[in-house]
Amino acid sequence: MLAASLRRIGWQLGRQLLVIAIALVVGLAILQISGYAPIETYQIMATAAFGTSIGLANTLRWATPLILVGLSVALSFRAGLFNIGAQGQFYVGAFAAIIVGLGLKDGPPWLVVPFGFLAAGLAGLAWALLPGLLRAYYGTNEVISTLMMNFIALQFTNYLVRVPYNEGGATGQVLATATLPDPLRLMTLEPGSELTLAVFVALGMAALAAVYTTRTTSGYEGKVLGANPYFAENGGVNVRAAIVTTFLLSGFIAGLAGATEMFGPIGRFIGGLHEDLGFNGVVVSLMGFNNPWGVLLSGLFFGGLQNAAQQMRLLTEVPRAMVTVLQGLVTIAVTAQILRLSLRRQRRAAGQPGAAGPEPRPAVEVS
Amino acid sequence: MGELIAATIRTTAPILLAALGGLLCARAGVFNIALEGLMLMGAFAVIAGAYFSGSVWLGLLGAMAVGVATALVFAFFIQRLRADVIIAGLAINILALGLTTFLLKVWFGVDGSFTSDQISGLPTVYLPLLPDTFFLNNLSILIYVSWVLVAAIAWFLYRTPWGLTLRAVGEFPAAATTAGINVRTVRYLAVAASGALCGLAGAQLANGYLTGTFTENMTAGRGYLAFTAVIFGAAQPGLVFAASLLLGMADALGVRLQLLQVPIPAEFVLMFPYVLTLVALFLTSAARHRGGELPVDELALSEQAQESL
């Protein structure tokens, strides 16, 4: 049993390392053609992200929201729900944290900060409620509904930051709210870095999500739902309730990512903040096999990439957009089923029961 | 008012061109969310092509070629490598954003934005029968092309055997296969066509709406707007045109309201089409559902449901 699951984890890790290797090789070719020194560039990026204690701290800082959003996506994906609404849930969560923080700025921090996190989670949850209900009761395509909710959240927070919460003047052209007062900001862990206590929220949620997915009935129901909805229904799962629950949990976690950014390193809401976070969460989740511990690892990897991107202008001539290119390459490589097939064949060869069973069904399959 | 109509026409054109591409894909059963990335590649290629070749037409050709090439990569991943269509689409969008920004720096040495007065914009067309100042006159050529394409695609879909083939592939791929249609080939062609149309959309954006300008991430969500127009217009050419006009008008109106200091915030005007799409989506799924069925059928059948959009 243990040996089998270790072997499975080994294969999964191996596949993802192969994906990264493929992306790096293609990236290498792009760098070479463009006249940069590829190996040297990679070395610089790796050192920037993982080589120094401040670099490592900032990698953890960038991994924090990625892990949370990745967990949010993972919970939905493993239940077969293509919820890509983390971006919108993050926006409303972040703004809820700001409303609480600015509204109670003179309150005791030990009360205001947890309350702000709760508000952020609940705002994200509320934003996920409508697509969840539509999915559960009317079968409404969640890809489109959550995409629409993302755009609505973007416009809504753009309005809030431009009109009622606008802190004009000093910030110039950037539309932003006032900054949360220092007593409400989470403690910096490594001097000179942006790493704050917020990272423990991400680690804690990963642990909680791992317990939820493996040790609770609800978590098991989600997994069954994703693997085989007919089996789930006949096995007595309340499918509608399971769908709504999954959406709400996903929304709550994505909302928390907003709070970690607001009470942590950023401290104020900026219009259109982290515009790719939701989609990056999808990548983090896929890279982590929609598994909480996997999300933790892949969150660290993508956190490192983000961190390297932040520093590239100072360290090298190579445009920082190279990091976006690498992210795109990893994403597209990770979607290729051909790599997954070889994994399944391996499992079948190992004689595991269910090895030939159906993969979790993709939301849209094109034959 | 006349000014608003003129602005709506200008903001609609890139959305409409990309949406027509999305329409063809939807009809073939491919959920093409990569319109954003394809359009961005087209916008970059039209500027790079026109700048290096010195010809605005070669630039346009380059935009279409790059659009098709990128679309074929997308099609290869979803067809041959069985990648999930949504995630592969998102990946193409990330990749397009990265590559165009990267090449902007490598080829033109700039961050953010490149403009060259050596690039002449796509020509405008003078219709001799209409008054010179009439709002339908003197528009950029691709705007007229987009309107002609609406009619052409409607004719193609409903009046030609190829259109029937395309619709068969989207609505019931198994039956199409039985009838001897190569589903894969049809889908490749549909996705390639969407690449060409998104190339035109990007060209219109960078060298029609603006002149000789590429800006980092200049599509700024217009591809998703086009995707929305396809869904909202239920992949019917006439309705997709109407939906694109609505989205274009919301864009044009939002900016104007802000300038005129009308009490309705621009953001709510911009939000309106998305809310409308959600409502339309709800109504269609509620009508399809009629209460009785269990969501589990939807889960299992969503593949077909999404393909039949």
# chains A, B, ... in the order shown; residues from 1 in each chain; ligands from 1
call {"tool": "interface_residues", "arguments": {"of": "chain B", "to": "chain A", "cutoff": "6 Å", "atoms": "only C-alpha atoms", "output": "tab-separated table (two decimals) with N, CA and C atoms, in the first residue's frame"}}
result
chain	number	residue	atom	x	y	z
B	81	LEU	N	-2.83	16.09	-28.80
B	81	LEU	CA	-2.32	15.79	-27.45
B	81	LEU	C	-3.44	15.74	-26.42
B	82	ARG	N	-4.69	15.87	-26.89
B	82	ARG	CA	-5.85	15.75	-26.03
B	82	ARG	C	-5.78	16.66	-24.81
B	83	ALA	N	-5.27	17.86	-25.01
B	83	ALA	CA	-5.23	18.82	-23.92
B	83	ALA	C	-6.64	19.35	-23.68
B	88	ALA	N	-5.81	24.75	-22.34
B	88	ALA	CA	-4.91	25.03	-23.46
B	88	ALA	C	-5.17	26.44	-23.99
B	91	ALA	N	-3.56	28.80	-21.71
B	91	ALA	CA	-2.11	28.72	-21.91
B	91	ALA	C	-1.69	29.52	-23.13
B	94	ILE	N	-1.63	33.16	-22.14
B	94	ILE	CA	-0.45	33.53	-21.34
B	94	ILE	C	0.78	33.60	-22.24
B	95	LEU	N	0.90	32.58	-23.11
B	95	LEU	CA	2.05	32.49	-23.99
B	95	LEU	C	2.09	33.69	-24.94
B	98	GLY	N	3.22	36.73	-23.07
B	98	GLY	CA	4.64	36.68	-22.79
B	98	GLY	C	5.48	36.92	-24.04
B	99	LEU	N	5.13	36.21	-25.11
B	99	LEU	CA	5.93	36.30	-26.34
B	99	LEU	C	5.90	37.70	-26.94
B	101	THR	N	5.28	40.58	-25.47
B	101	THR	CA	6.00	41.53	-24.62
B	101	THR	C	7.51	41.31	-24.73
B	102	PHE	N	7.89	40.03	-24.78
B	102	PHE	CA	9.30	39.67	-24.90
B	102	PHE	C	9.88	40.19	-26.22
B	267	GLU	N	-18.01	52.07	-14.76
B	267	GLU	CA	-17.81	50.65	-14.47
B	267	GLU	C	-19.10	49.86	-14.54
B	271	MET	N	-19.99	46.78	-16.85
B	271	MET	CA	-20.38	45.54	-16.19
B	271	MET	C	-21.64	44.96	-16.84
B	274	TYR	N	-21.83	41.84	-19.12
B	274	TYR	CA	-21.52	40.58	-18.43
B	274	TYR	C	-22.73	40.10	-17.64
B	285	SER	N	-30.06	27.79	-19.82
B	285	SER	CA	-29.90	26.52	-19.11
B	285	SER	C	-31.18	26.16	-18.36
B	286	ALA	N	-31.91	27.17	-17.86
B	286	ALA	CA	-33.17	26.88	-17.17
B	286	ALA	C	-34.18	26.30	-18.16
B	295	PRO	N	-28.92	17.21	-11.68
B	295	PRO	CA	-27.70	17.84	-12.17
B	295	PRO	C	-26.66	16.82	-12.62
B	296	VAL	N	-26.77	15.60	-12.13
B	296	VAL	CA	-25.77	14.61	-12.50
B	296	VAL	C	-25.77	14.37	-14.01
B	298	GLU	N	-26.39	16.59	-16.13
B	298	GLU	CA	-25.68	17.74	-16.69
B	298	GLU	C	-24.18	17.53	-16.59
B	303	GLU	N	-20.34	17.72	-21.69
B	303	GLU	CA	-19.49	17.72	-22.87
B	303	GLU	C	-20.30	18.06	-24.11
call {"tool": "residues_around", "arguments": {"residues": "Val145 in chain B", "least_positions_apart": "6", "cutoff": "12 Å", "atoms": "only C-alpha atoms", "output": "list of chain:residue names"}}
result
B:Ala13, B:Pro14, B:Leu16, B:Leu17, B:Leu20, B:Thr124, B:Val125, B:Leu139, B:Ala151, B:Ala152, B:Ile153, B:Leu197, B:Leu200, B:Ala201, B:Gln204
call {"tool": "select_by_dssp", "arguments": {"residues": "range 127-264 of chain B", "states": "helix (DSSP H, G or I)", "output": "PyMOL selection string"}}
result
chain B and resi 141-159+161-171+173-178+183-209+222-232+237-260
call {"tool": "residues_around", "arguments": {"residues": "Phe263 in chain A", "least_positions_apart": "3", "cutoff": "10 Å", "atoms": "only C-alpha atoms", "output": "list in words"}}
result
Ala94, Ala97, Ile98, Gly101, Val113, Gly116, Phe117, Thr179, Leu180, Pro181, Asp182, Pro183, Leu184, Arg185, Leu186, Met187, Thr196, Leu197, Ala198, Gly258, Ala259, Thr260, Ile266, Gly267 and Arg268 of chain A
call {"tool": "atom_distance", "arguments": {"atom1": "CA of Val112 in chain A", "atom2": "CA of Trp127 in chain A"}}
result
22.2 Å
call {"tool": "closest_residue", "arguments": {"among": "A:Leu60, A:Ala4, A:Ile39, A:Met287", "to": "Gln306 in chain A", "atoms": "only C-alpha atoms"}}
result
A:Leu60
call {"tool": "atom_distance", "arguments": {"atom1": "CA of Asn290 in chain A", "atom2": "CA of Gly219 in chain A"}}
result
12.8 Å
